[in-house]
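Chemist: Coordinates in model_5.cif, mmCIF, C-alpha atoms and all ligand atoms, are listed below.
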```
data_data
#
loop_
_atom_site.group_PDB
_atom_site.id
_atom_site.type_symbol
_atom_site.label_atom_id
_atom_site.label_comp_id
_atom_site.auth_asym_id
_atom_site.auth_seq_id
_atom_site.Cartn_x
_atom_site.Cartn_y
_atom_site.Cartn_z
ATOM 1 C CA MET S 1 42.279 19.838 -344.103
ATOM 2 C CA SER S 2 40.555 21.456 -341.111
ATOM 3 C CA SER S 3 42.175 24.540 -339.612
ATOM 4 C CA ARG S 4 40.335 24.078 -336.314
ATOM 5 C CA ILE S 5 42.549 23.481 -333.299
ATOM 6 C CA PRO S 6 41.248 20.613 -331.132
ATOM 7 C CA LEU S 7 40.238 21.703 -327.637
ATOM 8 C CA PRO S 8 42.486 20.444 -324.831
ATOM 9 C CA TYR S 9 39.924 18.153 -323.192
ATOM 10 C CA SER S 10 41.017 16.022 -320.256
ATOM 11 C CA PRO S 11 40.976 12.220 -320.699
ATOM 12 C CA LYS S 12 37.966 12.087 -318.325
ATOM 13 C CA VAL S 13 35.918 14.466 -320.513
ATOM 14 C CA LEU S 14 36.693 12.388 -323.587
ATOM 15 C CA GLU S 15 35.887 9.160 -321.774
ATOM 16 C CA LEU S 16 32.479 10.396 -320.558
ATOM 17 C CA PHE S 17 31.689 11.955 -323.922
ATOM 18 C CA ARG S 18 32.191 8.548 -325.543
ATOM 19 C CA ASN S 19 30.582 6.605 -322.730
ATOM 20 C CA PRO S 20 28.188 8.836 -320.751
ATOM 21 C CA ARG S 21 26.683 7.504 -317.521
ATOM 22 C CA ASN S 22 22.999 7.913 -316.602
ATOM 23 C CA LEU S 23 21.956 8.973 -320.081
ATOM 24 C CA GLY S 24 18.284 9.020 -321.038
ATOM 25 C CA PRO S 25 14.970 10.025 -319.492
ATOM 26 C CA LEU S 26 13.677 8.773 -316.137
ATOM 27 C CA GLU S 27 10.101 7.562 -316.392
ATOM 28 C CA ASP S 28 9.339 8.128 -312.699
ATOM 29 C CA ALA S 29 11.172 11.430 -312.256
ATOM 30 C CA ASP S 30 9.917 13.917 -309.648
ATOM 31 C CA VAL S 31 11.982 16.693 -311.210
ATOM 32 C CA VAL S 32 12.448 17.403 -314.911
ATOM 33 C CA GLU S 33 14.426 20.567 -315.574
ATOM 34 C CA MET S 34 15.674 22.009 -318.831
ATOM 35 C CA ALA S 35 18.437 24.559 -319.137
ATOM 36 C CA GLY S 36 19.899 26.205 -322.177
ATOM 37 C CA SER S 37 18.545 26.991 -325.557
ATOM 38 C CA PRO S 38 17.008 24.267 -327.729
ATOM 39 C CA ALA S 39 17.418 26.643 -330.665
ATOM 40 C CA CYS S 40 21.235 26.563 -330.593
ATOM 41 C CA GLY S 41 21.590 22.989 -329.388
ATOM 42 C CA ASP S 42 23.227 23.869 -326.094
ATOM 43 C CA MET S 43 20.709 22.246 -323.875
ATOM 44 C CA ILE S 44 20.461 19.813 -321.013
ATOM 45 C CA LYS S 45 17.415 18.101 -319.602
ATOM 46 C CA LEU S 46 17.911 16.773 -316.090
ATOM 47 C CA TYR S 47 15.754 14.139 -314.380
ATOM 48 C CA LEU S 48 15.729 13.479 -310.624
ATOM 49 C CA LYS S 49 13.902 10.860 -308.592
ATOM 50 C CA ILE S 50 13.598 12.026 -304.976
ATOM 51 C CA ALA S 51 13.249 9.779 -301.923
ATOM 52 C CA HIS S 52 11.879 11.238 -298.684
ATOM 53 C CA MET S 53 13.790 10.013 -295.627
ATOM 54 C CA GLU S 54 13.632 11.038 -291.998
ATOM 55 C CA ASP S 55 16.790 13.114 -292.269
ATOM 56 C CA GLY S 56 15.989 14.799 -295.560
ATOM 57 C CA ASP S 57 15.170 14.378 -299.234
ATOM 58 C CA TYR S 58 17.619 12.221 -301.160
ATOM 59 C CA ILE S 59 18.377 11.952 -304.857
ATOM 60 C CA GLU S 60 17.583 8.323 -305.499
ATOM 61 C CA LYS S 61 18.109 8.452 -309.262
ATOM 62 C CA ALA S 62 19.429 11.056 -311.678
ATOM 63 C CA SER S 63 19.769 11.036 -315.439
ATOM 64 C CA PHE S 64 20.062 13.499 -318.296
ATOM 65 C CA GLU S 65 19.578 14.151 -321.964
ATOM 66 C CA SER S 66 22.001 16.512 -323.657
ATOM 67 C CA TYR S 67 21.844 18.389 -326.899
ATOM 68 C CA GLY S 68 25.171 20.112 -326.441
ATOM 69 C CA CYS S 69 28.876 19.637 -326.981
ATOM 70 C CA ALA S 70 31.288 17.013 -325.602
ATOM 71 C CA ALA S 71 31.850 19.082 -322.451
ATOM 72 C CA ASN S 72 28.110 19.428 -321.926
ATOM 73 C CA ILE S 73 27.665 15.653 -322.084
ATOM 74 C CA ALA S 74 30.654 14.982 -319.820
ATOM 75 C CA THR S 75 29.667 17.572 -317.199
ATOM 76 C CA ALA S 76 26.063 16.360 -317.090
ATOM 77 C CA SER S 77 27.248 12.764 -316.847
ATOM 78 C CA ILE S 78 29.675 13.326 -313.977
ATOM 79 C CA MET S 79 27.222 15.576 -312.175
ATOM 80 C CA THR S 80 24.599 12.811 -312.103
ATOM 81 C CA GLU S 81 27.231 10.490 -310.644
ATOM 82 C CA LEU S 82 28.127 13.072 -308.006
ATOM 83 C CA ILE S 83 24.552 13.708 -306.864
ATOM 84 C CA ILE S 84 23.027 10.212 -306.806
ATOM 85 C CA GLY S 85 22.620 9.188 -303.151
ATOM 86 C CA LYS S 86 23.089 12.723 -301.877
ATOM 87 C CA ARG S 87 20.590 14.776 -299.903
ATOM 88 C CA LEU S 88 19.179 17.645 -301.968
ATOM 89 C CA GLU S 89 20.775 19.975 -299.441
ATOM 90 C CA ASP S 90 24.228 18.542 -300.181
ATOM 91 C CA ALA S 91 23.664 18.344 -303.946
ATOM 92 C CA TRP S 92 22.693 22.010 -303.831
ATOM 93 C CA ARG S 93 26.188 22.915 -302.578
ATOM 94 C CA ILE S 94 27.915 21.470 -305.661
ATOM 95 C CA SER S 95 29.258 24.273 -307.831
ATOM 96 C CA TRP S 96 30.106 24.342 -311.524
ATOM 97 C CA LYS S 97 33.758 24.495 -310.458
ATOM 98 C CA ASP S 98 33.433 21.254 -308.430
ATOM 99 C CA VAL S 99 32.024 19.526 -311.509
ATOM 100 C CA SER S 100 34.775 20.920 -313.707
ATOM 101 C CA ASN S 101 37.430 19.810 -311.198
ATOM 102 C CA GLU S 102 35.980 16.283 -311.130
ATOM 103 C CA LEU S 103 36.594 16.162 -314.863
ATOM 104 C CA GLY S 104 40.215 17.225 -314.467
ATOM 105 C CA GLY S 105 39.339 20.743 -315.590
ATOM 106 C CA LEU S 106 37.717 22.250 -318.679
ATOM 107 C CA PRO S 107 39.092 24.681 -321.264
ATOM 108 C CA PRO S 108 37.886 28.182 -320.199
ATOM 109 C CA ILE S 109 35.753 28.495 -323.328
ATOM 110 C CA LYS S 110 33.817 25.457 -322.043
ATOM 111 C CA TYR S 111 33.141 26.649 -318.487
ATOM 112 C CA HIS S 112 29.605 27.511 -319.493
ATOM 113 C CA CYS S 113 28.879 23.818 -320.196
ATOM 114 C CA SER S 114 29.453 23.010 -316.521
ATOM 115 C CA ILE S 115 27.478 26.095 -315.488
ATOM 116 C CA LEU S 116 24.575 24.895 -317.645
ATOM 117 C CA ALA S 117 24.554 21.441 -315.985
ATOM 118 C CA VAL S 118 24.762 22.767 -312.417
ATOM 119 C CA GLY S 119 22.288 25.526 -313.276
ATOM 120 C CA ALA S 120 19.760 22.868 -314.331
ATOM 121 C CA LEU S 121 20.339 21.033 -311.044
ATOM 122 C CA LYS S 122 19.824 24.131 -308.922
ATOM 123 C CA MET S 123 16.794 25.284 -310.880
ATOM 124 C CA GLY S 124 15.334 21.782 -310.562
ATOM 125 C CA ILE S 125 15.844 21.657 -306.788
ATOM 126 C CA ARG S 126 14.373 25.133 -306.422
ATOM 127 C CA SER S 127 11.282 24.346 -308.500
ATOM 128 C CA TYR S 128 10.807 21.047 -306.644
ATOM 129 C CA TYR S 129 10.428 22.840 -303.314
ATOM 130 C CA ARG S 130 8.419 25.656 -304.901
ATOM 131 C CA ARG S 131 5.901 23.058 -306.112
ATOM 132 C CA LEU S 132 5.705 21.597 -302.618
ATOM 133 C CA GLY S 133 5.273 25.081 -301.122
ATOM 134 C CA ILE S 134 8.330 24.577 -298.917
ATOM 135 C CA GLN S 135 11.291 26.909 -298.425
ATOM 136 C CA PRO S 136 14.030 24.915 -296.653
ATOM 137 C CA GLY S 137 16.324 27.037 -294.486
ATOM 138 C CA TRP S 138 19.400 26.030 -296.534
ATOM 139 C CA LEU S 139 17.866 27.125 -299.855
ATOM 140 C CA PRO S 140 18.821 30.764 -300.506
ATOM 141 C CA LYS S 141 16.170 33.122 -301.844
ATOM 142 C CA ASP S 142 18.731 34.773 -304.129
ATOM 143 C CA LEU S 143 19.684 33.006 -307.352
ATOM 144 C CA THR S 144 23.087 31.331 -307.509
ATOM 145 C CA ILE S 145 25.698 32.268 -310.073
ATOM 146 C CA GLU S 146 24.801 29.177 -312.132
ATOM 147 C CA GLU S 147 21.074 29.977 -312.197
ATOM 148 C CA LYS S 148 21.738 33.605 -313.148
ATOM 149 C CA GLN S 149 24.075 32.522 -315.930
ATOM 150 C CA VAL S 150 21.551 30.042 -317.376
ATOM 151 C CA ILE S 151 18.854 32.735 -317.432
ATOM 152 C CA GLU S 152 21.299 35.173 -319.027
ATOM 153 C CA GLU S 153 22.310 32.675 -321.735
ATOM 154 C CA GLU S 154 18.687 31.884 -322.538
ATOM 155 C CA LYS S 155 17.914 35.594 -322.897
ATOM 156 C CA LEU S 156 20.968 36.121 -325.103
ATOM 157 C CA MET S 157 19.933 33.297 -327.396
ATOM 158 C CA GLU S 158 16.414 34.621 -327.596
ATOM 159 C CA ARG S 159 17.727 38.062 -328.576
ATOM 160 C CA TYR S 160 20.073 36.488 -331.122
ATOM 161 C CA TYR S 161 17.327 34.461 -332.802
ATOM 162 C CA ARG S 162 14.950 37.396 -332.800
ATOM 163 C CA SER S 163 17.517 39.554 -334.569
ATOM 164 C CA MET S 164 18.263 36.726 -337.045
ATOM 165 C CA ALA S 165 14.527 36.376 -337.753
ATOM 166 C CA SER S 166 14.184 40.102 -338.422
ATOM 167 C CA LEU S 167 17.263 40.009 -340.691
ATOM 168 C CA ASP S 168 15.655 37.174 -342.592
ATOM 169 C CA ALA S 169 12.338 39.042 -342.851
ATOM 170 C CA ASN S 170 14.124 42.178 -344.133
ATOM 171 C CA GLN S 171 15.910 40.146 -346.816
ATOM 172 C CA GLY S 172 12.612 38.712 -348.052
HETATM 173 FE FE1 LIG S 201 27.464 25.177 -325.177
HETATM 174 FE FE2 LIG S 201 29.127 23.187 -324.537
HETATM 175 S S1 LIG S 201 27.051 23.373 -324.080
HETATM 176 S S2 LIG S 201 29.529 24.853 -325.843
#
```
Please go through the file and, once you have read it, give me the structure as C-alpha cells.

Modeler:
Amino acid sequence: MSSRIPLPYSPKVLELFRNPRNLGPLEDADVVEMAGSPACGDMIKLYLKIAHMEDGDYIEKASFESYGCAANIATASIMTELIIGKRLEDAWRISWKDVSNELGGLPPIKYHCSILAVGALKMGIRSYYRRLGIQPGWLPKDLTIEEKQVIEEEKLMERYYRSMASLDANQG
C-alpha cells in the first residue's frame, strides 16, 4: 500500500489533466518556447501563432506539449485557453496567480507548475519581439517574476545533474 498522500487538486485541475485542451505542436507556429528542464521531466513547450492586426498582434492559436506533472498539464492547458484571441500585450499581463486562480487554486508545492507555464509564455513573447527587433512600450526591459523563476529552476537542475554526474564518476 502506498504511503503517499494524494495532493488536494481542484476538480478543474483533474479534469484538464485527463482531458487537456490545445495539446500538441502547432505546425505553423511563429513562437516556440521551452521552459523547464528536460532532464527532470518538468518541461513545457509552448506554441503560438500570431496574427498582425491594425490594433496590435493577436494570439490566433496556442498549443503546448508538457513533460511535467498533472498541474503542469492543467496550467498549460488553461493558459492556452486564456490567451487565444488576446493581444500579446494583454496576454503578457497574465500572471501565474491568474492561471492558478482559473484552476480553482493549486497546492502551494505546485505553484511552480503555473510559474513554468506563464514563464514560457512571457519568454516566448519577449523572444518574438526580440527577433523582430521591436521593443513595444508595454514590454518591460526587466524580467518578470515568472521568467526569473524559470531561469533559476533551469540553473538549479543543471547544478543538480552536474553534481550527480560527478558523484557517478567518483563511484566508477
Ligand atoms: Fe514540476 Fe509540476 S511541473 S512538479

Chemist: In Å, rounded to a single decimal, give me how far CA of Asp142 in chain S is from CA of Leu116 in chain S.

Modeler: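 CA of Asp142 in chain S lies 17.7 Å from CA of Leu116 in chain S.
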
Chemist: Determine, counting all atoms listed in the file, which protein, DNA and RNA residues have an atom within 12 Å of an atom of range 123-134 of chain S; residues of the same chain fewer than 5 positions away are not included. Present the result as a ChimeraX atom specification.

Modeler: /S:29-36,44-50,57-59,62,83,87-93,115-118,139-151

Chemist: Restricting it to C-alpha atoms, dump the selection as a CSV table (one decimal), in the frame of the given file.

Modeler:
```
chain,number,residue,atom,x,y,z
S,29,ALA,CA,11.2,11.4,-312.3
S,30,ASP,CA,9.9,13.9,-309.6
S,31,VAL,CA,12.0,16.7,-311.2
S,32,VAL,CA,12.4,17.4,-314.9
S,33,GLU,CA,14.4,20.6,-315.6
S,34,MET,CA,15.7,22.0,-318.8
S,35,ALA,CA,18.4,24.6,-319.1
S,36,GLY,CA,19.9,26.2,-322.2
S,44,ILE,CA,20.5,19.8,-321.0
S,45,LYS,CA,17.4,18.1,-319.6
S,46,LEU,CA,17.9,16.8,-316.1
S,47,TYR,CA,15.8,14.1,-314.4
S,48,LEU,CA,15.7,13.5,-310.6
S,49,LYS,CA,13.9,10.9,-308.6
S,50,ILE,CA,13.6,12.0,-305.0
S,57,ASP,CA,15.2,14.4,-299.2
S,58,TYR,CA,17.6,12.2,-301.2
S,59,ILE,CA,18.4,12.0,-304.9
S,62,ALA,CA,19.4,11.1,-311.7
S,83,ILE,CA,24.6,13.7,-306.9
S,87,ARG,CA,20.6,14.8,-299.9
S,88,LEU,CA,19.2,17.6,-302.0
S,89,GLU,CA,20.8,20.0,-299.4
S,90,ASP,CA,24.2,18.5,-300.2
S,91,ALA,CA,23.7,18.3,-303.9
S,92,TRP,CA,22.7,22.0,-303.8
S,93,ARG,CA,26.2,22.9,-302.6
S,115,ILE,CA,27.5,26.1,-315.5
S,116,LEU,CA,24.6,24.9,-317.6
S,117,ALA,CA,24.6,21.4,-316.0
S,118,VAL,CA,24.8,22.8,-312.4
S,139,LEU,CA,17.9,27.1,-299.9
S,140,PRO,CA,18.8,30.8,-300.5
S,141,LYS,CA,16.2,33.1,-301.8
S,142,ASP,CA,18.7,34.8,-304.1
S,143,LEU,CA,19.7,33.0,-307.4
S,144,THR,CA,23.1,31.3,-307.5
S,145,ILE,CA,25.7,32.3,-310.1
S,146,GLU,CA,24.8,29.2,-312.1
S,147,GLU,CA,21.1,30.0,-312.2
S,148,LYS,CA,21.7,33.6,-313.1
S,149,GLN,CA,24.1,32.5,-315.9
S,150,VAL,CA,21.6,30.0,-317.4
S,151,ILE,CA,18.9,32.7,-317.4
```

Chemist: What is the CA of Met79 in chain S to CA of Gly137 in chain S distance in Å?

Modeler: 23.7 Å

Chemist: Quick check, in Å to one decimal: how far apart do CA of Glu65 in chain S and CA of Lys122 in chain S lie?

Modeler: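 Going from CA of Glu65 in chain S over to CA of Lys122 in chain S, I get 16.4 Å.
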
Chemist: With distances taken over all atoms listed in the file, which residue among S:Leu82, S:Ile109, S:Val13, S:Leu23 lies nearest ligand LIG 201 (chain S)?

Modeler: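 Smallest separation from ligand LIG 201 (chain S) among the options: S:Ile109.
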
Chemist: Give one line per residue of chain S that approaches ligand LIG 201 (chain S) to at most 6 Å, naming the two atoms of the closest pair and their distance in Å to one decimal, counting all atoms listed in the file; sort by chain then ascending residue number and deliver it as a tab-separated table.

Modeler:
```
residue	atom	partner	partner_atom	distance
S:Asp42	CA	S:LIG201	S1	4.4
S:Gly68	CA	S:LIG201	S1	4.4
S:Cys69	CA	S:LIG201	FE2	4.3
S:Ala71	CA	S:LIG201	FE2	5.3
S:Asn72	CA	S:LIG201	S1	4.6
S:Lys110	CA	S:LIG201	S2	5.8
S:Cys113	CA	S:LIG201	S1	4.3
```

Chemist: For Met43 in chain S, which residue among S:Lys97, S:Arg21, S:Met157, S:Glu60 is the nearest when counting only C-alpha atoms?

Modeler: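 That would be S:Met157, the residue with the smallest distance to Met43 in chain S.
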
Chemist: Taking into account only C-alpha atoms, which residue in the set S:Glu27, S:Glu158, S:Glu152, S:Asp168 is nearest to Lys61 in chain S?

Modeler: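 Result for the nearest residue to Lys61 in chain S: S:Glu27.
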
Chemist: So which one's closest to Ala74 in chain S, S:Ala120, S:Val99, S:Met164, S:Ala169? Using all atoms listed in the file, please.

Modeler: S:Val99

Chemist: Give me, as a PDB file with C-alpha atoms, in the frame of the given file, all polymer residues having an atom no more than 12 Å from Glu102 in chain S, counting only C-alpha atoms and skipping those fewer than 4 positions away in the same chain.

Modeler:
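Output file selection.pdb is given in full below:
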```
ATOM      1  CA  SER S  10      41.017  16.022-320.256  1.00  0.00           C
ATOM      2  CA  PRO S  11      40.976  12.220-320.699  1.00  0.00           C
ATOM      3  CA  LYS S  12      37.966  12.087-318.325  1.00  0.00           C
ATOM      4  CA  VAL S  13      35.918  14.466-320.513  1.00  0.00           C
ATOM      5  CA  LEU S  16      32.479  10.396-320.558  1.00  0.00           C
ATOM      6  CA  ALA S  74      30.654  14.982-319.820  1.00  0.00           C
ATOM      7  CA  THR S  75      29.667  17.572-317.199  1.00  0.00           C
ATOM      8  CA  ALA S  76      26.063  16.360-317.090  1.00  0.00           C
ATOM      9  CA  SER S  77      27.248  12.764-316.847  1.00  0.00           C
ATOM     10  CA  ILE S  78      29.675  13.326-313.977  1.00  0.00           C
ATOM     11  CA  MET S  79      27.222  15.576-312.175  1.00  0.00           C
ATOM     12  CA  THR S  80      24.599  12.811-312.103  1.00  0.00           C
ATOM     13  CA  GLU S  81      27.231  10.490-310.644  1.00  0.00           C
ATOM     14  CA  LEU S  82      28.127  13.072-308.006  1.00  0.00           C
ATOM     15  CA  ILE S  94      27.915  21.470-305.661  1.00  0.00           C
ATOM     16  CA  SER S  95      29.258  24.273-307.831  1.00  0.00           C
ATOM     17  CA  TRP S  96      30.106  24.342-311.524  1.00  0.00           C
ATOM     18  CA  LYS S  97      33.758  24.495-310.458  1.00  0.00           C
ATOM     19  CA  ASP S  98      33.433  21.254-308.430  1.00  0.00           C
ATOM     20  CA  LEU S 106      37.717  22.250-318.679  1.00  0.00           C
ATOM     21  CA  SER S 114      29.453  23.010-316.521  1.00  0.00           C
TER      22      SER S 114
END
```
